[in-house]
>>> print(open('work.pdb').read())   # PDB, C-alpha atoms, pLDDT in the B column
MODEL        1
ATOM      1  CA  MET A   1       0.000   0.000   0.000  1.00 69.00           C
ATOM      2  CA  LEU A   2       2.860   2.415   0.797  1.00 71.00           C
ATOM      3  CA  LYS A   3       4.437   1.799  -2.582  1.00 74.00           C
ATOM      4  CA  GLU A   4       1.081   2.159  -4.331  1.00 72.00           C
ATOM      5  CA  LYS A   5       0.667   5.657  -2.818  1.00 70.00           C
ATOM      6  CA  GLY A   6       4.303   6.599  -3.514  1.00 73.00           C
ATOM      7  CA  LEU A   7       5.102   6.622   0.211  1.00 76.00           C
ATOM      8  CA  ASP A   8       7.878   4.042   0.103  1.00 77.00           C
ATOM      9  CA  GLU A   9      11.505   4.991   0.641  1.00 80.00           C
ATOM     10  CA  GLY A  10      12.674   6.812  -2.470  1.00 84.00           C
ATOM     11  CA  GLY A  11       9.103   6.894  -3.719  1.00 88.00           C
ATOM     12  CA  GLU A  12       7.269   9.640  -5.527  1.00 91.00           C
ATOM     13  CA  VAL A  13       6.222  11.454  -2.338  1.00 92.00           C
ATOM     14  CA  GLN A  14       9.728  11.593  -0.854  1.00 94.00           C
ATOM     15  CA  ARG A  15      11.193  12.684  -4.178  1.00 94.00           C
ATOM     16  CA  TYR A  16       8.585  15.456  -4.310  1.00 96.00           C
ATOM     17  CA  ILE A  17       9.309  16.580  -0.738  1.00 95.00           C
ATOM     18  CA  ASP A  18      13.067  16.676  -1.324  1.00 95.00           C
ATOM     19  CA  SER A  19      12.877  18.566  -4.607  1.00 96.00           C
ATOM     20  CA  GLU A  20      10.273  21.033  -3.327  1.00 97.00           C
ATOM     21  CA  ALA A  21      12.271  21.714  -0.163  1.00 96.00           C
ATOM     22  CA  ILE A  22      15.293  22.561  -2.313  1.00 96.00           C
ATOM     23  CA  ARG A  23      13.256  24.709  -4.686  1.00 96.00           C
ATOM     24  CA  LEU A  24      11.398  26.584  -1.946  1.00 97.00           C
ATOM     25  CA  MET A  25      14.442  27.268   0.237  1.00 95.00           C
ATOM     26  CA  SER A  26      16.515  28.617  -2.652  1.00 94.00           C
ATOM     27  CA  PRO A  27      15.215  32.221  -2.319  1.00 94.00           C
ATOM     28  CA  TYR A  28      16.076  32.124   1.407  1.00 94.00           C
ATOM     29  CA  THR A  29      19.577  30.700   0.934  1.00 92.00           C
ATOM     30  CA  PRO A  30      22.479  33.154   1.228  1.00 89.00           C
ATOM     31  CA  LYS A  31      23.978  33.913  -2.148  1.00 86.00           C
ATOM     32  CA  GLN A  32      27.184  35.536  -3.216  1.00 81.00           C
ATOM     33  CA  GLU A  33      28.161  33.541  -6.276  1.00 83.00           C
ATOM     34  CA  GLY A  34      25.585  30.756  -5.885  1.00 86.00           C
ATOM     35  CA  GLU A  35      27.823  27.908  -4.709  1.00 90.00           C
ATOM     36  CA  LEU A  36      25.704  27.247  -1.625  1.00 90.00           C
ATOM     37  CA  ILE A  37      22.522  27.002  -3.667  1.00 91.00           C
ATOM     38  CA  ARG A  38      24.208  24.770  -6.253  1.00 91.00           C
ATOM     39  CA  SER A  39      25.600  22.548  -3.492  1.00 92.00           C
ATOM     40  CA  THR A  40      22.143  21.007  -3.069  1.00 91.00           C
ATOM     41  CA  SER A  41      23.316  18.744  -5.899  1.00 90.00           C
ATOM     42  CA  LEU A  42      24.804  16.690  -3.038  1.00 87.00           C
ATOM     43  CA  THR A  43      21.247  15.635  -2.193  1.00 90.00           C
ATOM     44  CA  THR A  44      20.032  12.264  -3.378  1.00 92.00           C
ATOM     45  CA  ILE A  45      16.464  13.133  -4.320  1.00 94.00           C
ATOM     46  CA  GLY A  46      14.170  10.663  -2.537  1.00 93.00           C
ATOM     47  CA  SER A  47      16.515  10.037   0.392  1.00 93.00           C
ATOM     48  CA  GLY A  48      14.720  12.382   2.779  1.00 91.00           C
ATOM     49  CA  ILE A  49      17.972  14.200   3.553  1.00 91.00           C
ATOM     50  CA  VAL A  50      18.670  17.558   1.940  1.00 91.00           C
ATOM     51  CA  LYS A  51      22.417  18.219   1.853  1.00 90.00           C
ATOM     52  CA  GLN A  52      24.269  21.448   1.244  1.00 90.00           C
ATOM     53  CA  GLY A  53      27.864  22.496   1.654  1.00 86.00           C
ATOM     54  CA  GLY A  54      30.636  20.003   1.048  1.00 83.00           C
ATOM     55  CA  SER A  55      33.726  21.145  -0.800  1.00 82.00           C
ATOM     56  CA  GLU A  56      31.580  23.483  -2.926  1.00 78.00           C
ATOM     57  CA  ALA A  57      30.443  25.510   0.105  1.00 85.00           C
ATOM     58  CA  PRO A  58      32.416  24.588   3.250  1.00 87.00           C
ATOM     59  CA  TYR A  59      30.984  27.636   5.043  1.00 88.00           C
ATOM     60  CA  ALA A  60      27.389  26.314   4.914  1.00 89.00           C
ATOM     61  CA  ILE A  61      27.115  25.367   8.593  1.00 89.00           C
ATOM     62  CA  LYS A  62      28.614  28.662   9.755  1.00 88.00           C
ATOM     63  CA  TRP A  63      26.214  30.645   7.584  1.00 88.00           C
ATOM     64  CA  TYR A  64      23.222  28.556   8.645  1.00 91.00           C
ATOM     65  CA  TYR A  65      23.653  29.366  12.329  1.00 91.00           C
ATOM     66  CA  ASN A  66      25.367  32.770  12.424  1.00 86.00           C
ATOM     67  CA  ASP A  67      24.322  36.278  11.507  1.00 78.00           C
ATOM     68  CA  ALA A  68      26.130  37.824   8.589  1.00 76.00           C
ATOM     69  CA  ASN A  69      25.423  40.383   5.893  1.00 77.00           C
ATOM     70  CA  PHE A  70      23.970  38.618   2.889  1.00 76.00           C
ATOM     71  CA  ASN A  71      22.994  40.053  -0.464  1.00 74.00           C
ATOM     72  CA  GLY A  72      19.212  39.964  -0.782  1.00 73.00           C
ATOM     73  CA  GLN A  73      18.430  40.325   2.905  1.00 73.00           C
ATOM     74  CA  PRO A  74      16.098  40.085   4.690  1.00 78.00           C
ATOM     75  CA  MET A  75      14.842  37.090   2.724  1.00 88.00           C
ATOM     76  CA  ARG A  76      18.284  35.543   2.278  1.00 90.00           C
ATOM     77  CA  GLY A  77      19.948  34.761   5.573  1.00 89.00           C
ATOM     78  CA  LYS A  78      20.591  32.258   8.326  1.00 91.00           C
ATOM     79  CA  GLN A  79      18.387  29.228   9.004  1.00 93.00           C
ATOM     80  CA  TRP A  80      17.007  29.326   5.465  1.00 94.00           C
ATOM     81  CA  PHE A  81      15.449  25.838   5.629  1.00 95.00           C
ATOM     82  CA  LYS A  82      13.633  26.591   8.893  1.00 95.00           C
ATOM     83  CA  ARG A  83      12.438  29.987   7.670  1.00 95.00           C
ATOM     84  CA  MET A  84      11.226  28.515   4.376  1.00 96.00           C
ATOM     85  CA  LYS A  85       9.072  26.042   6.309  1.00 97.00           C
ATOM     86  CA  GLN A  86       7.719  28.747   8.644  1.00 97.00           C
ATOM     87  CA  ASN A  87       6.863  31.079   5.773  1.00 96.00           C
ATOM     88  CA  GLY A  88       4.476  28.718   4.022  1.00 97.00           C
ATOM     89  CA  GLY A  89       6.864  26.127   2.602  1.00 97.00           C
ATOM     90  CA  ALA A  90       5.765  23.320   4.910  1.00 97.00           C
ATOM     91  CA  LYS A  91       2.113  23.997   4.093  1.00 98.00           C
ATOM     92  CA  SER A  92       2.839  24.115   0.377  1.00 97.00           C
ATOM     93  CA  ILE A  93       4.768  20.835   0.479  1.00 97.00           C
ATOM     94  CA  LEU A  94       1.986  19.145   2.472  1.00 96.00           C
ATOM     95  CA  GLN A  95      -0.605  20.289  -0.064  1.00 97.00           C
ATOM     96  CA  GLY A  96       1.505  18.787  -2.849  1.00 96.00           C
ATOM     97  CA  VAL A  97       1.829  15.511  -0.958  1.00 94.00           C
ATOM     98  CA  ARG A  98      -1.942  15.390  -0.559  1.00 93.00           C
ATOM     99  CA  ARG A  99      -2.349  15.851  -4.315  1.00 93.00           C
ATOM    100  CA  ILE A 100       0.067  13.002  -5.005  1.00 90.00           C
ATOM    101  CA  VAL A 101      -1.584  10.520  -2.634  1.00 88.00           C
ATOM    102  CA  GLY A 102      -5.056  11.557  -3.729  1.00 85.00           C
ATOM    103  CA  LYS A 103      -6.473  13.030  -0.518  1.00 63.00           C
TER     104      LYS A 103
ENDMDL
END
>>> encode(input="work.pdb", output="structure tokens")
Amino acid sequence: MLKEKGLDEGGEVQRYIDSEAIRLMSPYTPKQEGELIRSTSLTTIGSGIVKQGGSEAPYAIKWYYNDANFNGQPMRGKQWFKRMKQNGGAKSILQGVRRIVGK
């Protein structure tokens, strides 16, 4: 039944959640040259774990938790994933999940 609804590991629902989280947090993510935003390519879509940073953006953790001056503030800034969810992202993702599973 989980697989039928796309709720299995790596299934349609998890792939949707991962890709939407990345898409929706992009406008909140600090940006100088875009490496941090592009570093989401580390994410395996469908894994349930959104990854950023790595060798492309080793400063990701520091920027996530600390205040700094970012181009595009106040939208771009620290805790971009959390703020995306609080500003309607979680609701939007849930609505999309409901569409996929047919509720």
>>> closest_residue(input="work.pdb", among="A:Ile45, A:Val101, A:Ile61, A:Val50", to="Tyr16 (chain A)", atoms="all atoms listed in the file")
A:Ile45
>>> resolve_selection(input="work.pdb", expression="the PyMOL selection byres ((chain A and resi 37) around 12)", output="MDAnalysis selection string")
chainID A and resid 22:36 38:43 50:54 56:57 60 76 80:81
>>> atom_distance(input="work.pdb", atom1="CA of Leu2 (chain A)", atom2="CA of Lys85 (chain A)")
25.0 Å
>>> resolve_selection(input="work.pdb", expression="the PyMOL selection byres ((chain A and resi 5) around 12)", output="MDAnalysis selection string")
chainID A and resid 1:4 6:9 11:14 97:103
>>> write_last_selection(input="work.pdb", atoms="C-alpha atoms", output="JSON list (two decimals), in the coordinates of the input")
[["chain", "number", "residue", "atom", "x", "y", "z"],
["A", 1, "MET", "CA", 0.00, 0.00, 0.00],
["A", 2, "LEU", "CA", 2.86, 2.42, 0.80],
["A", 3, "LYS", "CA", 4.44, 1.80, -2.58],
["A", 4, "GLU", "CA", 1.08, 2.16, -4.33],
["A", 6, "GLY", "CA", 4.30, 6.60, -3.51],
["A", 7, "LEU", "CA", 5.10, 6.62, 0.21],
["A", 8, "ASP", "CA", 7.88, 4.04, 0.10],
["A", 9, "GLU", "CA", 11.50, 4.99, 0.64],
["A", 11, "GLY", "CA", 9.10, 6.89, -3.72],
["A", 12, "GLU", "CA", 7.27, 9.64, -5.53],
["A", 13, "VAL", "CA", 6.22, 11.45, -2.34],
["A", 14, "GLN", "CA", 9.73, 11.59, -0.85],
["A", 97, "VAL", "CA", 1.83, 15.51, -0.96],
["A", 98, "ARG", "CA", -1.94, 15.39, -0.56],
["A", 99, "ARG", "CA", -2.35, 15.85, -4.32],
["A", 100, "ILE", "CA", 0.07, 13.00, -5.00],
["A", 101, "VAL", "CA", -1.58, 10.52, -2.63],
["A", 102, "GLY", "CA", -5.06, 11.56, -3.73],
["A", 103, "LYS", "CA", -6.47, 13.03, -0.52]]
>>> atom_distance(input="work.pdb", atom1="CA of Ser92 (chain A)", atom2="CA of Asn69 (chain A)")
28.4 Å
>>> atom_distance(input="work.pdb", atom1="CA of Asp18 (chain A)", atom2="CA of Gly72 (chain A)")
24.1 Å
>>> closest_residue(input="work.pdb", among="A:Gly10, A:Gly77, A:Gly96, A:Gly88", to="Tyr64 (chain A)", atoms="all atoms listed in the file")
A:Gly77
>>> axis_aligned_box(input="work.pdb", around="region 62-68 of chain A", padding_each_side="5 Å", output="JSON")
{"center_x": 25.9, "center_y": 33.2, "center_z": 10.0, "size_x": 15.4, "size_y": 19.3, "size_z": 14.8}
>>> closest_residue(input="work.pdb", among="A:Tyr59, A:Arg15, A:Gln95, A:Thr44", to="Lys78 (chain A)", atoms="only C-alpha atoms")
A:Tyr59
>>> build_atoms(input="work.pdb", residues="region 15-27 of chain A", atoms="N, CA, C and O atoms", output="PDB file, in the coordinates of the input")
ATOM      1  N   ARG A  15      10.495  11.936  -3.126  1.00 94.00           N
ATOM      2  CA  ARG A  15      11.193  12.684  -4.178  1.00 94.00           C
ATOM      3  C   ARG A  15      10.592  14.084  -4.323  1.00 94.00           C
ATOM      4  O   ARG A  15      11.305  15.067  -4.487  1.00 94.00           O
ATOM      5  N   TYR A  16       9.263  14.160  -4.235  1.00 96.00           N
ATOM      6  CA  TYR A  16       8.585  15.456  -4.310  1.00 96.00           C
ATOM      7  C   TYR A  16       8.996  16.342  -3.137  1.00 96.00           C
ATOM      8  O   TYR A  16       9.337  17.521  -3.326  1.00 96.00           O
ATOM      9  N   ILE A  17       8.955  15.800  -1.925  1.00 95.00           N
ATOM     10  CA  ILE A  17       9.309  16.580  -0.738  1.00 95.00           C
ATOM     11  C   ILE A  17      10.735  17.112  -0.853  1.00 95.00           C
ATOM     12  O   ILE A  17      10.988  18.295  -0.604  1.00 95.00           O
ATOM     13  N   ASP A  18      11.664  16.254  -1.214  1.00 95.00           N
ATOM     14  CA  ASP A  18      13.067  16.676  -1.324  1.00 95.00           C
ATOM     15  C   ASP A  18      13.241  17.777  -2.362  1.00 95.00           C
ATOM     16  O   ASP A  18      13.876  18.804  -2.101  1.00 95.00           O
ATOM     17  N   SER A  19      12.678  17.583  -3.543  1.00 96.00           N
ATOM     18  CA  SER A  19      12.877  18.566  -4.607  1.00 96.00           C
ATOM     19  C   SER A  19      12.154  19.875  -4.303  1.00 96.00           C
ATOM     20  O   SER A  19      12.683  20.960  -4.591  1.00 96.00           O
ATOM     21  N   GLU A  20      10.990  19.808  -3.687  1.00 97.00           N
ATOM     22  CA  GLU A  20      10.273  21.033  -3.327  1.00 97.00           C
ATOM     23  C   GLU A  20      10.987  21.781  -2.209  1.00 97.00           C
ATOM     24  O   GLU A  20      11.042  23.007  -2.216  1.00 97.00           O
ATOM     25  N   ALA A  21      11.526  21.061  -1.241  1.00 96.00           N
ATOM     26  CA  ALA A  21      12.271  21.714  -0.163  1.00 96.00           C
ATOM     27  C   ALA A  21      13.447  22.495  -0.751  1.00 96.00           C
ATOM     28  O   ALA A  21      13.682  23.650  -0.387  1.00 96.00           O
ATOM     29  N   ILE A  22      14.161  21.890  -1.667  1.00 96.00           N
ATOM     30  CA  ILE A  22      15.293  22.561  -2.313  1.00 96.00           C
ATOM     31  C   ILE A  22      14.816  23.781  -3.096  1.00 96.00           C
ATOM     32  O   ILE A  22      15.378  24.867  -2.985  1.00 96.00           O
ATOM     33  N   ARG A  23      13.773  23.612  -3.860  1.00 96.00           N
ATOM     34  CA  ARG A  23      13.256  24.709  -4.686  1.00 96.00           C
ATOM     35  C   ARG A  23      12.757  25.863  -3.813  1.00 96.00           C
ATOM     36  O   ARG A  23      13.083  27.028  -4.053  1.00 96.00           O
ATOM     37  N   LEU A  24      11.994  25.544  -2.774  1.00 97.00           N
ATOM     38  CA  LEU A  24      11.398  26.584  -1.946  1.00 97.00           C
ATOM     39  C   LEU A  24      12.402  27.291  -1.033  1.00 97.00           C
ATOM     40  O   LEU A  24      12.209  28.445  -0.678  1.00 97.00           O
ATOM     41  N   MET A  25      13.473  26.602  -0.640  1.00 95.00           N
ATOM     42  CA  MET A  25      14.442  27.268   0.237  1.00 95.00           C
ATOM     43  C   MET A  25      15.466  28.082  -0.553  1.00 95.00           C
ATOM     44  O   MET A  25      16.155  28.917   0.026  1.00 95.00           O
ATOM     45  N   SER A  26      15.537  27.896  -1.843  1.00 94.00           N
ATOM     46  CA  SER A  26      16.515  28.617  -2.652  1.00 94.00           C
ATOM     47  C   SER A  26      16.447  30.136  -2.482  1.00 94.00           C
ATOM     48  O   SER A  26      17.477  30.779  -2.311  1.00 94.00           O
ATOM     49  N   PRO A  27      15.259  30.763  -2.492  1.00 94.00           N
ATOM     50  CA  PRO A  27      15.215  32.221  -2.319  1.00 94.00           C
ATOM     51  C   PRO A  27      15.642  32.692  -0.924  1.00 94.00           C
ATOM     52  O   PRO A  27      15.930  33.864  -0.732  1.00 94.00           O
TER      53      PRO A  27
END
